[in-house]
>>> print(open('run11.cif').read())   # mmCIF, C-alpha atoms
data_work
loop_
_atom_site.label_atom_id
_atom_site.label_comp_id
_atom_site.auth_asym_id
_atom_site.auth_seq_id
_atom_site.Cartn_x
_atom_site.Cartn_y
_atom_site.Cartn_z
CA MET W 157 -1.71 -44.41 4.82
CA LYS W 158 -3.89 -44.69 1.69
CA HIS W 159 -6.72 -42.97 3.53
CA ILE W 160 -4.50 -40.06 4.55
CA ALA W 161 -3.31 -39.57 0.97
CA LEU W 162 -6.91 -39.71 -0.24
CA LEU W 163 -8.03 -37.28 2.45
CA LEU W 164 -5.25 -34.87 1.51
CA LEU W 165 -6.10 -35.15 -2.18
CA VAL W 166 -9.80 -34.51 -1.53
CA THR W 167 -8.93 -31.54 0.65
CA LEU W 168 -6.76 -30.11 -2.11
CA LEU W 169 -9.51 -30.58 -4.68
CA ILE W 170 -12.37 -29.28 -2.58
CA PHE W 171 -10.55 -26.27 -1.24
CA PRO W 172 -8.14 -24.90 -3.80
CA LEU W 173 -6.58 -21.94 -2.02
CA GLN W 174 -5.57 -18.92 -4.00
CA ALA W 175 -2.53 -18.15 -1.87
CA GLN W 176 -0.34 -15.45 -3.29
CA TYR W 177 2.89 -17.46 -3.41
CA ASP W 178 1.34 -20.77 -4.51
CA SER W 179 3.17 -21.05 -7.79
CA LEU W 180 6.62 -20.06 -6.50
CA THR W 181 9.36 -22.62 -6.14
CA VAL W 182 10.88 -23.15 -2.70
CA ALA W 183 14.03 -21.30 -3.83
CA GLN W 184 12.00 -18.33 -5.08
CA ALA W 185 9.98 -18.21 -1.86
CA ARG W 186 13.19 -18.36 0.20
CA LEU W 187 14.64 -15.53 -1.88
CA ARG W 188 11.55 -13.37 -1.30
CA LEU W 189 11.58 -14.19 2.41
CA ASN W 190 15.26 -13.32 2.71
CA GLU W 191 14.88 -10.08 0.73
CA VAL W 192 12.27 -8.77 3.15
CA HIS W 193 14.13 -10.16 6.15
CA GLN W 194 17.26 -8.26 5.10
CA GLN W 195 15.31 -4.98 5.03
CA TYR W 196 13.69 -5.90 8.33
CA ALA W 197 17.00 -6.84 9.97
CA GLN W 198 18.46 -3.43 9.14
CA LEU W 199 15.87 -1.72 11.32
CA LYS W 200 16.59 -1.13 14.97
CA ASN W 201 14.29 -1.94 17.90
CA THR W 202 11.87 -3.91 15.76
CA PRO W 203 9.37 -6.26 17.36
CA VAL W 204 10.15 -9.94 16.80
CA SER W 205 8.65 -11.52 13.67
CA ASP W 206 7.44 -14.86 15.02
CA MET W 207 6.35 -16.03 11.56
CA TYR W 208 9.86 -15.78 10.04
CA PRO W 209 11.32 -18.83 11.85
CA VAL W 210 8.09 -20.75 11.18
CA ALA W 211 8.35 -20.01 7.45
CA GLU W 212 12.05 -20.92 7.35
CA ALA W 213 11.45 -24.21 9.16
CA ARG W 214 8.59 -25.11 6.83
CA LEU W 215 10.69 -24.32 3.76
CA ASP W 216 13.52 -26.52 5.08
CA TYR W 217 11.07 -29.33 5.72
CA VAL W 218 9.47 -29.05 2.28
CA GLU W 219 12.88 -28.96 0.64
CA SER W 220 13.75 -32.28 2.23
CA LEU W 221 10.34 -33.74 1.28
CA LEU W 222 10.78 -32.60 -2.31
CA ARG W 223 14.07 -34.48 -2.48
CA LEU W 224 12.45 -37.68 -1.21
CA GLU W 225 8.92 -37.65 -2.69
CA PRO W 226 8.60 -34.73 -5.09
CA ASP W 227 5.24 -35.77 -6.55
CA SER W 228 3.33 -37.07 -3.55
CA PRO W 229 0.11 -35.20 -2.65
CA GLU W 230 1.39 -34.78 0.88
CA THR W 231 4.54 -33.00 -0.34
CA LEU W 232 2.45 -30.73 -2.56
CA GLN W 233 0.21 -29.89 0.35
CA LYS W 234 3.13 -29.24 2.70
CA LYS W 235 4.59 -26.98 0.02
CA GLN W 236 1.32 -25.07 -0.25
CA TYR W 237 1.27 -24.50 3.51
CA ALA W 238 4.95 -23.53 3.50
CA MET W 239 4.08 -20.87 0.93
CA ILE W 240 1.28 -19.65 3.19
CA ALA W 241 3.77 -19.40 6.06
CA VAL W 242 6.18 -17.48 3.79
CA GLU W 243 3.45 -15.05 2.75
CA ALA W 244 2.42 -14.55 6.37
CA ALA W 245 6.06 -13.94 7.40
CA VAL W 246 6.68 -11.52 4.52
CA LEU W 247 3.50 -9.58 5.30
CA GLN W 248 4.27 -9.54 8.99
CA MET W 249 7.79 -8.16 8.42
CA GLN W 250 6.48 -5.73 5.78
CA ALA W 251 3.94 -4.41 8.29
CA ILE W 252 6.72 -3.91 10.84
CA ILE W 253 8.85 -2.10 8.22
CA ASP W 254 5.86 0.11 7.30
CA GLN W 255 5.14 0.74 10.97
CA MET W 256 8.72 1.99 11.45
CA ARG W 257 8.31 4.19 8.37
CA ILE W 258 5.12 5.65 9.89
CA GLU W 259 7.03 6.43 13.06
CA GLU W 260 9.74 8.17 10.99
CA LEU W 261 7.09 10.19 9.16
CA GLN W 262 5.48 11.14 12.46
CA ILE W 263 8.84 12.46 13.67
CA GLN W 264 9.11 14.47 10.44
CA ILE W 265 5.57 15.78 10.99
CA GLN W 266 6.55 16.94 14.48
CA GLY W 267 9.56 18.69 12.92
CA VAL W 268 7.42 20.46 10.32
CA LEU W 269 4.89 21.45 13.00
CA GLY W 270 7.79 22.92 15.01
CA GLU W 271 8.95 24.87 11.96
CA LEU W 272 5.41 26.13 11.35
CA LYS W 273 5.20 27.39 14.93
CA ALA W 274 8.61 29.08 14.61
CA ILE W 275 7.55 30.81 11.39
CA ASN W 276 4.29 31.93 12.96
CA ASP W 277 6.25 33.41 15.88
CA GLU W 278 8.60 35.11 13.43
CA ILE W 279 5.65 36.59 11.52
CA ALA W 280 4.30 37.93 14.81
CA THR W 281 7.72 39.45 15.66
CA VAL W 282 7.95 41.11 12.24
CA GLU W 283 4.46 42.50 12.75
CA ARG W 284 5.35 43.95 16.15
CA GLY W 285 8.28 45.77 14.52
CA TYR W 286 5.95 47.81 12.34
CA SER W 287 5.03 51.32 13.41
CA ASP W 288 1.39 52.10 14.18
CA GLN W 289 1.19 53.91 10.92
CA LEU W 290 2.09 50.79 9.05
CA GLN W 291 -0.25 48.56 11.00
CA ASN W 292 -3.21 49.35 8.77
CA GLU W 293 -1.17 48.76 5.64
CA LEU W 294 0.00 45.53 7.16
CA ALA W 295 -3.56 44.49 7.92
CA SER W 296 -4.54 45.12 4.34
CA GLU W 297 -1.40 43.31 3.20
CA ARG W 298 -2.30 40.35 5.34
CA GLU W 299 -5.74 40.39 3.86
CA LYS W 300 -4.19 40.28 0.40
CA LEU W 301 -1.92 37.49 1.51
CA GLN W 302 -4.86 35.58 2.95
CA GLN W 303 -6.62 36.09 -0.35
CA MET W 304 -3.53 34.80 -2.12
CA ILE W 305 -3.48 31.76 0.16
CA ASP W 306 -7.19 31.15 -0.45
CA GLU W 307 -6.71 31.51 -4.18
CA GLU W 308 -3.80 29.12 -4.18
CA ARG W 309 -5.80 26.60 -2.16
CA GLN W 310 -8.75 27.00 -4.49
CA ARG W 311 -6.46 26.53 -7.50
CA ALA W 312 -4.97 23.41 -5.93
CA ASP W 313 -8.47 22.04 -5.21
CA GLU W 314 -9.56 22.75 -8.77
CA GLN W 315 -6.42 21.07 -10.10
CA ALA W 316 -7.10 18.04 -7.92
CA ARG W 317 -10.71 17.90 -9.12
CA GLU W 318 -9.60 18.23 -12.74
CA LEU W 319 -7.04 15.47 -12.29
CA GLU W 320 -9.67 13.25 -10.69
CA ARG W 321 -12.05 13.96 -13.57
CA GLN W 322 -9.30 13.19 -16.10
CA LYS W 323 -8.45 10.01 -14.24
CA GLU W 324 -12.05 8.84 -14.33
CA GLU W 325 -12.21 9.68 -18.01
CA TYR W 326 -9.05 7.87 -19.05
CA ASN W 327 -9.94 4.89 -16.86
CA ARG W 328 -13.31 4.74 -18.62
CA ARG W 329 -11.54 4.86 -21.98
CA PHE W 330 -9.12 2.12 -20.89
CA GLN W 331 -12.11 0.02 -19.78
CA GLU W 332 -13.41 0.23 -23.36
CA LEU W 333 -10.31 -1.68 -24.51
CA GLN W 334 -11.47 -4.71 -22.55
CA SER W 335 -11.66 -7.78 -24.79
CA GLU W 336 -10.89 -11.48 -24.74
CA LEU W 337 -7.19 -10.80 -25.02
CA ILE W 338 -6.98 -7.62 -22.98
CA SER W 339 -8.19 -7.30 -19.42
CA VAL W 340 -8.44 -4.02 -17.56
CA LYS W 341 -8.62 -3.88 -13.79
CA GLN W 342 -7.92 -1.55 -10.89
CA ASP W 343 -5.66 -2.29 -7.98
CA ALA W 344 -3.65 -0.39 -5.39
CA ARG W 345 -1.01 0.49 -8.00
CA GLY W 346 -3.51 2.02 -10.45
CA THR W 347 -5.10 0.71 -13.62
CA ILE W 348 -3.62 -2.52 -14.92
CA ILE W 349 -4.05 -3.36 -18.60
CA SER W 350 -3.12 -7.00 -19.06
CA MET W 351 -2.36 -8.27 -22.55
CA SER W 352 -2.29 -11.97 -23.30
CA ASP W 353 0.86 -13.38 -24.88
CA ILE W 354 -1.30 -14.62 -27.78
CA LEU W 355 -0.71 -11.10 -28.99
CA PHE W 356 2.99 -11.96 -29.40
CA ALA W 357 4.52 -14.48 -31.74
CA THR W 358 5.47 -17.62 -29.77
CA ASN W 359 8.69 -17.12 -27.82
CA GLN W 360 9.27 -13.86 -29.68
CA SER W 361 9.13 -10.27 -28.63
CA ASP W 362 7.86 -8.91 -31.97
CA LEU W 363 4.46 -7.29 -31.74
CA THR W 364 1.64 -8.78 -33.80
CA PRO W 365 -0.62 -6.43 -35.81
CA GLU W 366 -3.50 -7.08 -33.33
CA LEU W 367 -1.33 -5.95 -30.44
CA LYS W 368 -0.12 -2.91 -32.37
CA THR W 369 -3.73 -1.86 -32.96
CA SER W 370 -4.56 -2.11 -29.25
CA LEU W 371 -1.34 -0.35 -28.24
CA ALA W 372 -2.01 2.45 -30.72
CA ARG W 373 -5.39 3.01 -29.04
CA ILE W 374 -3.70 3.03 -25.62
CA ALA W 375 -1.07 5.48 -26.92
CA GLY W 376 -3.90 7.70 -28.21
CA ILE W 377 -5.38 7.87 -24.72
CA LEU W 378 -1.97 8.49 -23.12
CA LEU W 379 -1.29 11.34 -25.51
CA VAL W 380 -4.48 13.12 -24.46
CA TYR W 381 -3.86 12.69 -20.72
CA LYS W 382 -0.35 13.77 -19.84
CA ARG W 383 -0.36 12.81 -16.19
CA PRO W 384 -0.13 9.09 -15.67
CA ASN W 385 3.23 7.35 -15.89
CA ILE W 386 3.30 3.80 -17.15
CA ILE W 387 5.26 0.77 -16.03
CA ILE W 388 5.36 -1.93 -18.70
CA GLU W 389 5.86 -5.34 -17.10
CA GLY W 390 6.67 -8.51 -19.03
CA HIS W 391 5.64 -11.81 -17.38
CA THR W 392 6.06 -15.44 -18.43
CA ASP W 393 4.97 -18.84 -17.18
CA ASN W 394 7.44 -21.16 -15.46
CA THR W 395 8.30 -23.22 -18.56
CA GLY W 396 12.02 -23.00 -19.29
CA THR W 397 14.83 -21.49 -17.27
CA GLU W 398 14.48 -18.30 -15.29
CA GLU W 399 17.26 -16.70 -17.34
CA TYR W 400 15.50 -17.41 -20.63
CA ASN W 401 12.17 -16.17 -19.28
CA GLN W 402 13.81 -13.08 -17.81
CA LYS W 403 15.21 -12.15 -21.22
CA LEU W 404 11.91 -12.88 -22.98
CA SER W 405 9.87 -10.86 -20.46
CA GLU W 406 12.28 -7.91 -20.70
CA ALA W 407 12.35 -8.02 -24.50
CA ARG W 408 8.54 -8.01 -24.70
CA ALA W 409 8.22 -5.16 -22.24
CA LYS W 410 10.81 -3.17 -24.23
CA SER W 411 9.06 -3.89 -27.56
CA VAL W 412 5.84 -2.51 -26.13
CA MET W 413 7.68 0.51 -24.71
CA ASN W 414 9.42 1.25 -28.02
CA PHE W 415 6.12 1.04 -29.87
CA LEU W 416 4.48 3.48 -27.46
CA ILE W 417 7.46 5.85 -27.91
CA GLU W 418 7.06 5.58 -31.68
CA GLN W 419 3.43 6.57 -31.20
CA GLY W 420 4.55 9.75 -29.45
CA VAL W 421 4.26 8.85 -25.75
CA GLY W 422 7.09 10.57 -23.84
CA ARG W 423 10.00 8.27 -22.96
CA ASP W 424 10.19 9.82 -19.47
CA ARG W 425 6.68 8.50 -18.70
CA LEU W 426 7.58 4.90 -19.54
CA THR W 427 9.51 2.22 -17.66
CA ALA W 428 9.95 -1.33 -18.97
CA VAL W 429 10.71 -4.25 -16.64
CA GLY W 430 10.78 -8.02 -17.02
CA HIS W 431 9.59 -10.17 -14.13
CA SER W 432 10.18 -13.59 -15.73
CA PHE W 433 7.83 -15.99 -13.85
CA ARG W 434 8.25 -14.39 -10.45
CA LYS W 435 4.83 -12.70 -10.36
CA PRO W 436 2.25 -15.25 -11.49
CA ILE W 437 -1.46 -14.40 -11.35
CA ALA W 438 -2.64 -17.98 -11.86
CA ASP W 439 -1.59 -21.53 -11.14
CA ASN W 440 1.39 -22.56 -13.27
CA ASP W 441 0.42 -26.22 -12.91
CA THR W 442 -2.43 -26.00 -15.44
CA PRO W 443 -2.29 -24.95 -19.13
CA GLU W 444 -5.02 -22.30 -18.49
CA GLY W 445 -3.05 -20.90 -15.56
CA ARG W 446 0.19 -20.80 -17.55
CA SER W 447 -1.61 -19.04 -20.40
CA LYS W 448 -2.85 -16.36 -17.95
CA ASN W 449 0.66 -15.94 -16.56
CA ARG W 450 2.18 -15.25 -20.00
CA ARG W 451 1.27 -11.61 -20.36
CA VAL W 452 2.40 -8.00 -20.60
CA ASP W 453 0.89 -5.64 -18.03
CA LEU W 454 0.70 -1.90 -18.45
CA VAL W 455 0.50 -0.36 -15.00
CA ILE W 456 -1.02 3.10 -15.36
CA GLN W 457 0.01 4.88 -12.19
CA ASP W 458 -2.64 7.24 -10.85
CA MET Z 925 24.82 -36.88 52.21
CA ARG Z 926 27.45 -35.89 49.68
CA GLN Z 927 25.93 -38.41 47.24
CA THR Z 928 22.48 -36.82 47.64
CA MET Z 929 23.92 -33.35 47.00
CA ASN Z 930 25.73 -34.60 43.89
CA LEU Z 931 22.51 -36.12 42.65
CA GLU Z 932 20.67 -32.84 43.24
CA ALA Z 933 23.37 -30.95 41.36
CA GLU Z 934 23.23 -33.44 38.51
CA MET Z 935 19.43 -33.24 38.36
CA SER Z 936 19.60 -29.48 38.00
CA ARG Z 937 21.22 -29.96 34.59
CA PRO Z 938 18.56 -29.53 31.90
CA PHE Z 939 19.77 -32.37 29.70
CA LEU Z 940 19.06 -34.85 32.46
CA TRP Z 941 15.47 -33.66 32.64
CA ILE Z 942 15.15 -33.90 28.88
CA ALA Z 943 16.57 -37.42 28.93
CA LEU Z 944 14.17 -38.34 31.71
CA LEU Z 945 11.21 -36.91 29.81
CA SER Z 946 12.23 -38.78 26.67
CA LEU Z 947 12.39 -42.00 28.67
CA VAL Z 948 8.92 -41.43 30.08
CA LEU Z 949 7.53 -40.55 26.66
CA SER Z 950 9.08 -43.52 24.93
CA ALA Z 951 7.74 -45.77 27.70
CA CYS Z 952 4.25 -44.41 26.98
CA GLY Z 953 4.67 -44.91 23.24
CA GLY Z 954 4.86 -41.16 22.57
CA SER Z 955 1.08 -40.63 22.57
CA PRO Z 956 0.92 -38.27 25.58
CA TYR Z 957 3.43 -36.10 23.77
CA ILE Z 958 1.29 -36.02 20.60
CA ALA Z 959 -1.77 -35.36 22.75
CA PHE Z 960 0.05 -32.48 24.41
CA LYS Z 961 1.16 -31.05 21.02
CA THR Z 962 -2.37 -31.42 19.65
CA HIS Z 963 -3.85 -29.61 22.61
CA GLU Z 964 -1.24 -26.86 22.24
CA SER Z 965 -1.96 -26.54 18.52
CA GLN Z 966 -5.73 -26.57 19.11
CA THR Z 967 -5.42 -23.79 21.69
CA ARG Z 968 -3.23 -21.73 19.35
CA ALA Z 969 -5.65 -22.16 16.44
CA ALA Z 970 -8.64 -21.35 18.68
CA THR Z 971 -6.91 -18.17 19.89
CA HIS Z 972 -6.23 -17.03 16.33
CA GLN Z 973 -9.76 -18.02 15.28
CA LEU Z 974 -11.13 -15.83 18.06
CA GLU Z 975 -8.82 -12.98 17.03
CA ASN Z 976 -10.18 -13.21 13.48
CA ARG Z 977 -13.77 -13.16 14.78
CA GLN Z 978 -13.04 -10.17 17.02
CA ASN Z 979 -11.56 -8.30 14.06
CA GLU Z 980 -14.57 -9.32 11.93
CA ILE Z 981 -12.34 -11.03 9.40
CA GLU Z 982 -14.24 -13.49 7.28
CA ASN Z 983 -12.94 -14.54 3.90
CA GLU Z 984 -11.78 -17.51 1.83
CA LEU Z 985 -8.91 -18.14 4.27
CA THR Z 986 -10.95 -18.10 7.47
CA LEU Z 987 -13.69 -20.24 5.89
CA LYS Z 988 -11.14 -22.85 4.93
CA ALA Z 989 -9.50 -22.60 8.36
CA ASP Z 990 -12.91 -23.00 10.06
CA SER Z 991 -13.56 -26.13 8.06
CA LEU Z 992 -10.13 -27.58 8.95
CA PHE Z 993 -10.68 -26.65 12.59
CA THR Z 994 -14.06 -28.41 12.71
CA ARG Z 995 -12.68 -31.51 11.02
CA ALA Z 996 -9.75 -31.57 13.41
CA GLY Z 997 -12.24 -31.57 16.31
CA GLN Z 998 -14.07 -34.53 14.78
CA LEU Z 999 -10.79 -36.43 14.32
CA LEU Z 1000 -9.83 -35.66 17.89
CA GLN Z 1001 -13.10 -37.19 19.10
CA LYS Z 1002 -12.22 -40.33 17.18
CA GLU Z 1003 -8.81 -40.17 18.90
CA GLU Z 1004 -7.00 -39.72 15.59
CA THR Z 1005 -4.65 -37.27 17.21
CA ASP Z 1006 -1.90 -37.29 14.54
CA GLN Z 1007 -4.29 -36.13 11.84
CA ALA Z 1008 -6.03 -33.71 14.20
CA LEU Z 1009 -2.65 -32.12 15.02
CA ASN Z 1010 -1.90 -31.71 11.31
CA LEU Z 1011 -5.29 -30.06 10.64
CA TYR Z 1012 -5.06 -27.75 13.66
CA ASP Z 1013 -1.60 -26.63 12.50
CA ARG Z 1014 -2.90 -25.87 9.02
CA ALA Z 1015 -5.99 -24.10 10.36
CA ASP Z 1016 -3.76 -22.00 12.62
CA LEU Z 1017 -1.52 -21.02 9.71
CA LEU Z 1018 -4.54 -19.90 7.67
CA TYR Z 1019 -5.97 -17.91 10.58
CA ARG Z 1020 -2.61 -16.21 11.03
CA LEU Z 1021 -2.32 -15.40 7.33
CA ALA Z 1022 -5.81 -13.85 7.43
CA LEU Z 1023 -4.76 -11.77 10.44
CA VAL Z 1024 -1.46 -10.54 8.97
CA ARG Z 1025 -3.12 -9.72 5.63
CA LYS Z 1026 -5.66 -7.56 7.45
CA HIS Z 1027 -3.01 -5.96 9.67
CA ASN Z 1028 -0.79 -5.29 6.67
CA GLU Z 1029 -3.66 -3.62 4.84
CA LEU Z 1030 -4.39 -1.37 7.83
CA ILE Z 1031 -0.74 -0.40 8.21
CA ALA Z 1032 -0.45 0.33 4.47
CA ASN Z 1033 -3.49 2.64 4.73
CA GLU Z 1034 -2.03 4.35 7.77
CA LEU Z 1035 1.28 4.81 5.98
CA SER Z 1036 -0.45 6.38 3.02
CA TYR Z 1037 -2.51 8.67 5.30
CA THR Z 1038 0.55 9.77 7.35
CA SER Z 1039 2.55 10.40 4.22
CA GLY Z 1040 -0.31 12.52 2.81
CA GLN Z 1041 -0.52 14.44 6.09
CA LEU Z 1042 3.20 15.22 5.93
CA ASP Z 1043 2.88 16.46 2.33
CA GLU Z 1044 0.00 18.76 3.33
CA LEU Z 1045 1.96 20.19 6.23
CA LYS Z 1046 5.00 20.75 4.02
CA ALA Z 1047 2.81 22.62 1.53
CA GLU Z 1048 1.42 24.75 4.37
CA LEU Z 1049 4.95 25.44 5.59
CA ASP Z 1050 5.96 26.63 2.11
CA LEU Z 1051 3.01 28.97 2.08
CA TYR Z 1052 3.91 30.43 5.48
CA LYS Z 1053 7.50 30.91 4.32
CA LYS Z 1054 6.18 32.90 1.36
CA VAL Z 1055 4.08 35.04 3.70
CA LEU Z 1056 7.06 35.69 5.95
CA ASN Z 1057 9.29 36.63 3.00
CA ARG Z 1058 6.71 39.01 1.71
CA LEU Z 1059 6.32 40.64 5.13
CA GLN Z 1060 10.08 40.98 5.50
CA THR Z 1061 10.39 42.50 2.03
CA GLU Z 1062 7.62 44.99 2.85
CA LYS Z 1063 9.34 45.91 6.09
CA ALA Z 1064 12.65 46.49 4.35
CA LYS Z 1065 11.05 48.98 1.90
#
>>> encode(input="run11.cif", output="structure tokens")
Amino acid sequence: MKHIALLLLVTLLIFPLQAQYDSLTVAQARLRLNEVHQQYAQLKNTPVSDMYPVAEARLDYVESLLRLEPDSPETLQKKQYAMIAVEAAVLQMQAIIDQMRIEELQIQIQGVLGELKAINDEIATVERGYSDQLQNELASEREKLQQMIDEERQRADEQARELERQKEEYNRRFQELQSELISVKQDARGTIISMSDILFATNQSDLTPELKTSLARIAGILLVYKRPNIIIEGHTDNTGTEEYNQKLSEARAKSVMNFLIEQGVGRDRLTAVGHSFRKPIADNDTPEGRSKNRRVDLVIQD
Amino acid sequence: MRQTMNLEAEMSRPFLWIALLSLVLSACGGSPYIAFKTHESQTRAATHQLENRQNEIENELTLKADSLFTRAGQLLQKEETDQALNLYDRADLLYRLALVRKHNELIANELSYTSGQLDELKAELDLYKKVLNRLQTEKAK
């Protein structure tokens, strides 16, 4: 038995897995699993998610282990693998939900293609109704229309290029903000500016002068580039109750939002949300990890 | 004759078979059952390992799963079936997570592409509607 415990401990130390749900509690993981399962269950004719029952069974098992031996390495390892099963089940159901959405979109595409064909036919009918005399005028009119279409397309392309150029420029300027306390990275949601909670007074939502300086620079960039909208997300570590952390994360996100509004950034571009400790980016079991988890993220949506 | 038929009818009930199987397993100390489960788990993990290879998925998850899979094989050779079963199960879970992450990523890309395609077609439809309106206005003049 000693050997097994040692083997498990060595495995944990040698191969620390960065699974997405690692730092969630069993209750939080179950909540996430059930949220996605509810969406999934509302869909009709969905393929079976074989990972969902596996994840549920593993959560049940871990829950019972946690009651009996909450601190044993084996329990911790079983919990880690239960979280992996939960992530796999959530992703599997999410993929099925997305697949159904793709099918819906494809039906809509067929509908639009049908409409396009009908309009083309109608244009042809209108053209046939013209007298010979008008045919030449019509041809020239069509030419003008084609020109108009080309111009509009060109304008749209130019706009897209300009937006892309602006995006590159403001991303470059955001990258310049990178420091020990502020990290800037790109992900699927856009540019994420992550500010350490050292920039806040402990357990407070008031902004320190250092944070105000950085936010003023961010506001300056946002004032120049009107396009991106910003989601301000408050995050905490898992110390204290969820309710307390929820309030703290919301209050910090709102403080940042209010400051940006004071600096002239339009209110309609800003959204503030608190995520408590539900979206950790590091392990909550270590002081370094907890420090990384206490943060405010500015999600600049491209 | 009637007794034989009754016995046949009784034996067709699944719980009797389960009870019989349990008796056999307990008589053998349960090890054939563990061996069976280990083999099942090994096959499942090997299938998912192959699926990852075929999809050219190689990352932190598959590397860890490969290492668990290899160690499980070594344990199996030493006839430490309980531990081997545990490692095969974990390896399988990691292989499956790697697969669903990849699949999810592909589906998300497809969703984004399809949604973009629909937007483009809608824009084209608007343009054609404008053309039609203009033609109809001209005709009415």
>>> resolve_selection(input="run11.cif", expression="the PyMOL selection byres ((chain W) within 6 of (chain Z))", output="PyMOL selection string")
chain W and resi 244+248+251+258+265+272+279
>>> residues_around(input="run11.cif", residues="W:Met256", least_positions_apart="4", cutoff="8 Å", atoms="only C-alpha atoms", output="PDB file with C-alpha atoms, in the coordinates of the input")
ATOM      1  CA  THR W 202      11.870  -3.910  15.760  1.00  0.00           C
ATOM      2  CA  ILE W 252       6.720  -3.910  10.840  1.00  0.00           C
ATOM      3  CA  GLU W 260       9.740   8.170  10.990  1.00  0.00           C
TER       4      GLU W 260
END
>>> residues_around(input="run11.cif", residues="W:Glu406", least_positions_apart="5", cutoff="8 Å", atoms="only C-alpha atoms", output="VMD selection string")
chain W and resid 389 to 390 428 to 432
>>> residues_around(input="run11.cif", residues="W:Leu371", least_positions_apart="4", cutoff="8 Å", atoms="all atoms listed in the file", output="number ranges by chain")
W: 367, 375, 412, 415-416
>>> residues_around(input="run11.cif", residues="W:Gln250", least_positions_apart="4", cutoff="9 Å", atoms="all atoms listed in the file", output="PyMOL selection string")
(chain W and resi 192-193+195-196+245-246+254-255) or (chain Z and resi 1028)
>>> write_last_selection(input="run11.cif", atoms="C-alpha atoms", output="JSON list (two decimals), in the coordinates of the input")
[["chain", "number", "residue", "atom", "x", "y", "z"],
["W", 192, "VAL", "CA", 12.27, -8.77, 3.15],
["W", 193, "HIS", "CA", 14.13, -10.16, 6.15],
["W", 195, "GLN", "CA", 15.31, -4.98, 5.03],
["W", 196, "TYR", "CA", 13.69, -5.90, 8.33],
["W", 245, "ALA", "CA", 6.06, -13.94, 7.40],
["W", 246, "VAL", "CA", 6.68, -11.52, 4.52],
["W", 254, "ASP", "CA", 5.86, 0.11, 7.30],
["W", 255, "GLN", "CA", 5.14, 0.74, 10.97],
["Z", 1028, "ASN", "CA", -0.79, -5.29, 6.67]]
>>> atom_distance(input="run11.cif", atom1="atom CA of W:Arg257", atom2="atom CA of W:Gln194")
15.7 Å
>>> resolve_selection(input="run11.cif", expression="the PyMOL selection byres ((chain W and resi 243) around 10)", output="ChimeraX atom specification")
/W:175-178,185,188-189,207-208,211,237-242,244-249 /Z:1021,1024-1025
>>> residues_around(input="run11.cif", residues="W:Arg446", least_positions_apart="5", cutoff="9 Å", atoms="only C-alpha atoms", output="VMD selection string")
chain W and resid 392 to 395 436 438 to 441
>>> closest_atom_pairs(input="run11.cif", of="stretch 363-406 of chain W", to="stretch 304-327 of chain W", cutoff="12 Å", atoms="all atoms listed in the file", output="JSON lines")
{"residue": "W:Arg373", "atom": "CA", "partner": "W:Tyr326", "partner_atom": "CA", "distance": 11.7}
{"residue": "W:Ile374", "atom": "CA", "partner": "W:Tyr326", "partner_atom": "CA", "distance": 9.8}
{"residue": "W:Ala375", "atom": "CA", "partner": "W:Tyr326", "partner_atom": "CA", "distance": 11.5}
{"residue": "W:Gly376", "atom": "CA", "partner": "W:Tyr326", "partner_atom": "CA", "distance": 10.5}
{"residue": "W:Ile377", "atom": "CA", "partner": "W:Tyr326", "partner_atom": "CA", "distance": 6.8}
{"residue": "W:Leu378", "atom": "CA", "partner": "W:Tyr326", "partner_atom": "CA", "distance": 8.2}
{"residue": "W:Leu379", "atom": "CA", "partner": "W:Tyr326", "partner_atom": "CA", "distance": 10.7}
{"residue": "W:Val380", "atom": "CA", "partner": "W:Tyr326", "partner_atom": "CA", "distance": 8.8}
{"residue": "W:Tyr381", "atom": "CA", "partner": "W:Gln322", "partner_atom": "CA", "distance": 7.2}
{"residue": "W:Lys382", "atom": "CA", "partner": "W:Gln322", "partner_atom": "CA", "distance": 9.7}
{"residue": "W:Arg383", "atom": "CA", "partner": "W:Leu319", "partner_atom": "CA", "distance": 8.2}
{"residue": "W:Pro384", "atom": "CA", "partner": "W:Lys323", "partner_atom": "CA", "distance": 8.5}
>>> atom_distance(input="run11.cif", atom1="atom CA of W:Asp343", atom2="atom CA of W:Asn385")
15.3 Å
>>> resolve_selection(input="run11.cif", expression="the PyMOL selection byres ((chain W and resi 234) around 10)", output="PyMOL selection string")
(chain W and resi 214-215+217-219+221-222+229-233+235-240) or (chain Z and resi 1014)
>>> atom_distance(input="run11.cif", atom1="atom CA of W:Glu418", atom2="atom CA of W:Lys435")
28.2 Å
